[in-house]
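K.L.:
Just dropping this structure here.
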Amino acid sequence: MKKLKLLESATFVLGFLLSIGAANAQTKIWGVGAPNGQAAAEFQVPFIQTTTAGSYSATDWTALTINESDGATLPGNAYWVRNTTGLSQGAYAANMDVATSASLANGVALFDSDFMDNAGTVGAFGTGISPSGHKGELISPVIDLSTAADSAIVVSFYSYYRPFQLAELSLSISTDDGTTWGTPTSLQTLQPTAVNAAVEGMVRAIFPTVTTGVANLTQCRLKFTFDGEYYYSIIDDIVIEMAPDYDIAIGLPDADGATYYSIGNVVRTGNNAHNPIVNIDPSDLGEWLWGAKVVNHGWKTILPTAFPRLMCSIDFEDGLTGAVTPAVYLDTIMADPTDSVATGDRDGLGLVDYLRDLDFIMGNGAGVYTVTCWADHDGLDGTTSNDTIRYSFVITDDQATGSHYISKARVSNTDGRVFAGARIFPGGAPHTAFEYGSVYYFPKGTTDNIVIDSVDFRYYVPASFTGASTQTSFVNIYQYVDGSGGGVANGFITGEELTQVGIGTMTINGLGTTVANGDYGLAVARNFVDASTGGPMGALADGGFYYISVLTQPALAGGVATFEFEDVPIHGVDRLNYAMNIGTTTSATPVAMSTMQVVDAAGTSNWYGGFSGYDEVPSIGIHLGTTALVTGNSTVFKAENGTLNVYPNPTSEQLNIEVTYDAPIDVKYVMTDVSGRVIYVEQSKNVTSEVQRIDVSALTAGVYFITAETAEGVSTNRFIKK
C-alpha cells in the first residue's frame, strides 16, 4: 500500500470529523430516528407469542415458534422474547458481557437458545422449556415503505450473538403483510463470528430491489429467524432508511477470517495496550503497524478512481500534567490503484501499513496516545456513523504502579492493575494442566538490561467454586523462536519452539472467602528464577520474543491431580484486540497473539494457537526492571563507523556532543534519563564531524544518556549533571 503523509492541520482534521456526518445522512423511513416506528424498533413493548404462521399483530412484534428438538417437536416453545438486561440466562453463556445497544433500557429482542435448552443449569441438557436445536421467528408490526418505491433500502440494527451450531440467523422482508417473504439475508455473513465466539456491533443489510415494481408498500414487515442450537442472539435499535450509493466503513470482525485485519477488523498501533518507553527501539518499526478492514455498505462499488483510503490522527495526553496535544501524528494509507471496495464484500479491503517513524513517541514520552482512524473516498458517502474507530495505547515509564509496564490488556479503574472483564477455561475437563499467555517482543532487552520484576495476574473464582482456599499458580517465561526445535515456522506456538528461561510462583489465598465466589482477584508473582540454574533470572535478549503465561497445575504444589472448572481460579481475560499479532509483532516473524496449552487427564498435551475469540487477551501485566549499563565516562555502546564523545563530564551548564564518521551520514541525537524518558531530540544531515552544544542547566542532578543513531549503527554515552 502506498502511504502518504497528511499535511492538513489538526483543526482541519477535527473539523472534518465533526462536520461530515449530518450532510450525508440518509432519509430514515421507519425506526430509531424516523418519523414513526421508534418504540417498536427499540422493543419497548412485550411480544405477542403465537404458534400460527400468518397470525401476526399489526402494531406489535410477533414471536412465532416453529420447532424444537431438532425439528422432532412442532411447534414447541422456541420463542424470541423481550429482555431488558441485555444478558442471556443460559448456563453456558453466563460469562457474556452485557449488550451495549443504545436503548438497552427500553428492551432488546433475545433468542436465548442456551437458556431455553437447559434453564440455566450446567449439564441439564434438554431440560428447559424448549430443547435445542430449535427455530423461532420474530415478525415486526406492519411497516409502510411507500416512500421507498423502486428504491434500494438498508436495514441497520444492533446485533450481538454467539453461535454454537447455528444453521440460520437471518433477516427477510415481506411486502404483502407476511404472506410471502423475500430471500433471507444471512446475518452470519454480515456479522461473521467463529463458533463459541461472541461478536457485536451495528449491522447494515442492503435490499436493493425489494420495493421494485411493488404497487402497494403499506403492508411490509421484517422477520428475524434463529434456527440452530445454542447460545443466544440479541437484536436492537432498528432503522430502515434509503440505501446510499456508497457507504465506506470500518468492517466488523470475522473470527474465521484468513487475515489478521479481518479477524480483528482494526490493527491497533503498538501491539500492546501498554508499552514502556525503555523497551522501544525507535529504529525498529516491526510492531508499529496501524490499519483496518475497509468495507462498503452502499449498493454500488467504490471504484479506484474514488481513491478509497484510511486516515489517522493521533493525539497525546501527557502522563504527568494531563495536557493534551492534538494531532502529534498524521498519516494516510491509500488503496492500490487497482483496488475497489465492493458492496457486500465481508472480507473487505485491508489497508495496513507501518508507521513512518516513532518520533512522536520519542519526543512526547510517557502518556496516553489516542488514535482516530477513519475510512474515506472522494465520492459522496452515505453516512459517517460507521467510518471511524478510536482506541488508545499507553506509553509507560517509571511512574507509580505503571513502572515500565507492558501488557496487552487494559488496567482496572479501581486499583490500577491489570484488567479482566471475562474469564476463560478450556472445554473437555478434567485437565491435568492449563497454561495461557501471550507473546511479547523486547527489542532493547540486554541493551537496557531489562528484567521482569513482577507479573500481575487477574483471576476469577467460579460461582460454583468448591476447590481449596489456598492454591499456587505459576508464571512461566519462555523464549520463543518460531520454527525451532523441529517446529513449523508459521507464527503459531508449539512446545518444542519454547525454551523456559524463568519461573515465578503465586500463592493465592482466600479463594471463596476473601475473594468470594463469582468475584475477581489479583495475584502477583515476584522473584523470578532461572529455570535451568535456580539462580536469579537474567536480562531478556535484544530482539527476543517471549511467551509469558500463567500455568494452572495444582499437582505441582501438592494439590489435586486433575481439575474441573469448579476446582481452580480461572484465567481472566480482557476483550480487547491488542493486538492482532499474527503478522504484527515484527516485520520479520509473525507471532500468535494468545496461545494456550491444555493437558488432559491422560497427560496428552495440545497447543492451541490463534484466538479463543477475536478480541480476547489474557489478563497479564508485566512490570519491568531496567538498569542502564554505565561504565565510567566512556562510550557504553559504539557504532563501528564512528565515535561519540560528550564533555565536560560532569557538567552543570553546557554539554558538548562530538561525533565523527567515516563518511557523510544522517544522525539523530537522543537524550534520555535513567528511566528512558526522552529529554531532547535533534536531527543532523550529512555529518562527517560536528559538535552539538546543549544547555543542560535546567536538568535535575543525575545520570543521563546521549545516543547518536545512524543507519549504520548506534553509539551511546552517559554524562552526569551536577
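Chains: A, B, ... in order of the C-alpha cells. Residues: from 1 per chain. Ligands: from 1, in order shown.
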Write out as a ChimeraX atom specification each polymer residue whose atoms come within 6 Å of Val659 of chain A, counting only C-alpha atoms; drop sequence neighbours fewer than 5 positions from it.

P.N.:
/A:643-644,689-690

K.L.:
Now that the selection is made, can you save its residues with N, CA and C atoms as an mmCIF file, in the first residue's frame?

P.N.:
```cif
data_model
loop_
_atom_site.group_PDB
_atom_site.id
_atom_site.type_symbol
_atom_site.label_atom_id
_atom_site.label_comp_id
_atom_site.auth_asym_id
_atom_site.auth_seq_id
_atom_site.Cartn_x
_atom_site.Cartn_y
_atom_site.Cartn_z
ATOM 1 N N THR A 643 32.544 7.643 16.104
ATOM 2 C CA THR A 643 32.827 7.797 17.528
ATOM 3 C C THR A 643 31.914 8.869 18.096
ATOM 4 N N LEU A 644 31.676 8.768 19.397
ATOM 5 C CA LEU A 644 30.839 9.724 20.118
ATOM 6 C C LEU A 644 31.532 10.065 21.426
ATOM 7 N N SER A 689 31.752 15.164 10.736
ATOM 8 C CA SER A 689 32.270 15.567 12.043
ATOM 9 C C SER A 689 31.523 16.819 12.486
ATOM 10 N N GLU A 690 31.025 16.823 13.714
ATOM 11 C CA GLU A 690 30.367 18.021 14.227
ATOM 12 C C GLU A 690 30.308 17.966 15.744
#
```

K.L.:
Can you tell me, as a VMD selection string, which residues in segment 293-386 of chain A count as strand (DSSP E or B) by DSSP?

P.N.:
chain A and resid 293 to 296 302 309 to 318 324 to 334 341 343 349 to 354 367 to 376

K.L.:
If we count only C-alpha atoms and set the cut-off at 10 Å, which residues sit around Met671 of chain A, ignoring sequence neighbours fewer than 2 positions away in its own chain? Please answer as a list in words.

P.N.:
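Listing them by chain and then by number gives Met362, Tyr669, Asp673, Gly676, Arg677, Val678, Ile679, Tyr680, Val681, Glu682, Tyr704, Phe705, Ile706, Thr707, Ala708, Thr716, Asn717 and Arg718 of chain A.
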
K.L.:
What does the file look like for those residues with N, CA and C atoms, as a PDB file, in the first residue's frame?

P.N.:
```pdb
ATOM      1  N   MET A 362       8.936   9.244  20.841  1.00  0.00           N
ATOM      2  CA  MET A 362      10.204   9.548  21.492  1.00  0.00           C
ATOM      3  C   MET A 362      10.266  11.006  21.931  1.00  0.00           C
ATOM      4  N   TYR A 669      20.237  12.668  17.380  1.00  0.00           N
ATOM      5  CA  TYR A 669      20.710  12.690  18.758  1.00  0.00           C
ATOM      6  C   TYR A 669      19.509  12.589  19.690  1.00  0.00           C
ATOM      7  N   ASP A 673      16.864  10.130  30.294  1.00  0.00           N
ATOM      8  CA  ASP A 673      17.292   9.947  31.682  1.00  0.00           C
ATOM      9  C   ASP A 673      17.404   8.451  31.960  1.00  0.00           C
ATOM     10  N   GLY A 676      14.637   6.127  30.897  1.00  0.00           N
ATOM     11  CA  GLY A 676      14.312   6.009  29.485  1.00  0.00           C
ATOM     12  C   GLY A 676      13.480   7.150  28.946  1.00  0.00           C
ATOM     13  N   ARG A 677      13.101   8.129  29.782  1.00  0.00           N
ATOM     14  CA  ARG A 677      12.309   9.269  29.319  1.00  0.00           C
ATOM     15  C   ARG A 677      13.153  10.135  28.387  1.00  0.00           C
ATOM     16  N   VAL A 678      12.596  10.470  27.241  1.00  0.00           N
ATOM     17  CA  VAL A 678      13.308  11.287  26.259  1.00  0.00           C
ATOM     18  C   VAL A 678      13.282  12.753  26.695  1.00  0.00           C
ATOM     19  N   ILE A 679      14.474  13.357  26.765  1.00  0.00           N
ATOM     20  CA  ILE A 679      14.618  14.749  27.189  1.00  0.00           C
ATOM     21  C   ILE A 679      14.842  15.671  25.995  1.00  0.00           C
ATOM     22  N   TYR A 680      15.520  15.179  24.984  1.00  0.00           N
ATOM     23  CA  TYR A 680      15.968  16.045  23.887  1.00  0.00           C
ATOM     24  C   TYR A 680      16.144  15.192  22.638  1.00  0.00           C
ATOM     25  N   VAL A 681      15.707  15.730  21.482  1.00  0.00           N
ATOM     26  CA  VAL A 681      15.894  15.071  20.191  1.00  0.00           C
ATOM     27  C   VAL A 681      16.347  16.114  19.178  1.00  0.00           C
ATOM     28  N   GLU A 682      17.366  15.793  18.404  1.00  0.00           N
ATOM     29  CA  GLU A 682      17.851  16.695  17.360  1.00  0.00           C
ATOM     30  C   GLU A 682      18.324  15.861  16.174  1.00  0.00           C
ATOM     31  N   TYR A 704      22.450  10.896  32.849  1.00  0.00           N
ATOM     32  CA  TYR A 704      21.709  10.971  31.596  1.00  0.00           C
ATOM     33  C   TYR A 704      22.514  10.275  30.495  1.00  0.00           C
ATOM     34  N   PHE A 705      21.813   9.984  29.402  1.00  0.00           N
ATOM     35  CA  PHE A 705      22.460   9.274  28.298  1.00  0.00           C
ATOM     36  C   PHE A 705      22.235  10.015  26.996  1.00  0.00           C
ATOM     37  N   ILE A 706      23.287  10.063  26.182  1.00  0.00           N
ATOM     38  CA  ILE A 706      23.217  10.628  24.841  1.00  0.00           C
ATOM     39  C   ILE A 706      23.419   9.491  23.842  1.00  0.00           C
ATOM     40  N   THR A 707      22.493   9.383  22.887  1.00  0.00           N
ATOM     41  CA  THR A 707      22.586   8.359  21.845  1.00  0.00           C
ATOM     42  C   THR A 707      22.662   9.046  20.485  1.00  0.00           C
ATOM     43  N   ALA A 708      23.626   8.617  19.671  1.00  0.00           N
ATOM     44  CA  ALA A 708      23.738   9.086  18.291  1.00  0.00           C
ATOM     45  C   ALA A 708      23.339   7.924  17.385  1.00  0.00           C
ATOM     46  N   THR A 716      26.245   5.211  22.195  1.00  0.00           N
ATOM     47  CA  THR A 716      25.625   5.781  23.388  1.00  0.00           C
ATOM     48  C   THR A 716      26.713   6.134  24.396  1.00  0.00           C
ATOM     49  N   ASN A 717      26.555   7.282  25.040  1.00  0.00           N
ATOM     50  CA  ASN A 717      27.462   7.709  26.096  1.00  0.00           C
ATOM     51  C   ASN A 717      26.639   8.287  27.224  1.00  0.00           C
ATOM     52  N   ARG A 718      27.209   8.291  28.397  1.00  0.00           N
ATOM     53  CA  ARG A 718      26.486   8.850  29.532  1.00  0.00           C
ATOM     54  C   ARG A 718      27.214  10.082  30.036  1.00  0.00           C
TER      55      ARG A 718
END
```

K.L.:
Within 10 Å of segment 234-244 of chain A, which residues of segment 318-406 of chain A come that close, and what is the closest atom pair and distance in Å for each? Count only C-alpha atoms and give it as CSV.

P.N.:
```
residue,atom,partner,partner_atom,distance
A:Leu380,CA,A:Pro244,CA,8.9
A:Asp381,CA,A:Pro244,CA,7.3
A:Gly382,CA,A:Pro244,CA,4.8
A:Thr383,CA,A:Pro244,CA,8.1
```

K.L.:
Counting only C-alpha atoms, which of A:Leu522, A:Ala109, A:Ile452, A:Ala433 gets nearest to Gly502 of chain A?

P.N.:
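Of the candidates, the smallest distance to Gly502 of chain A is held by A:Ile452.
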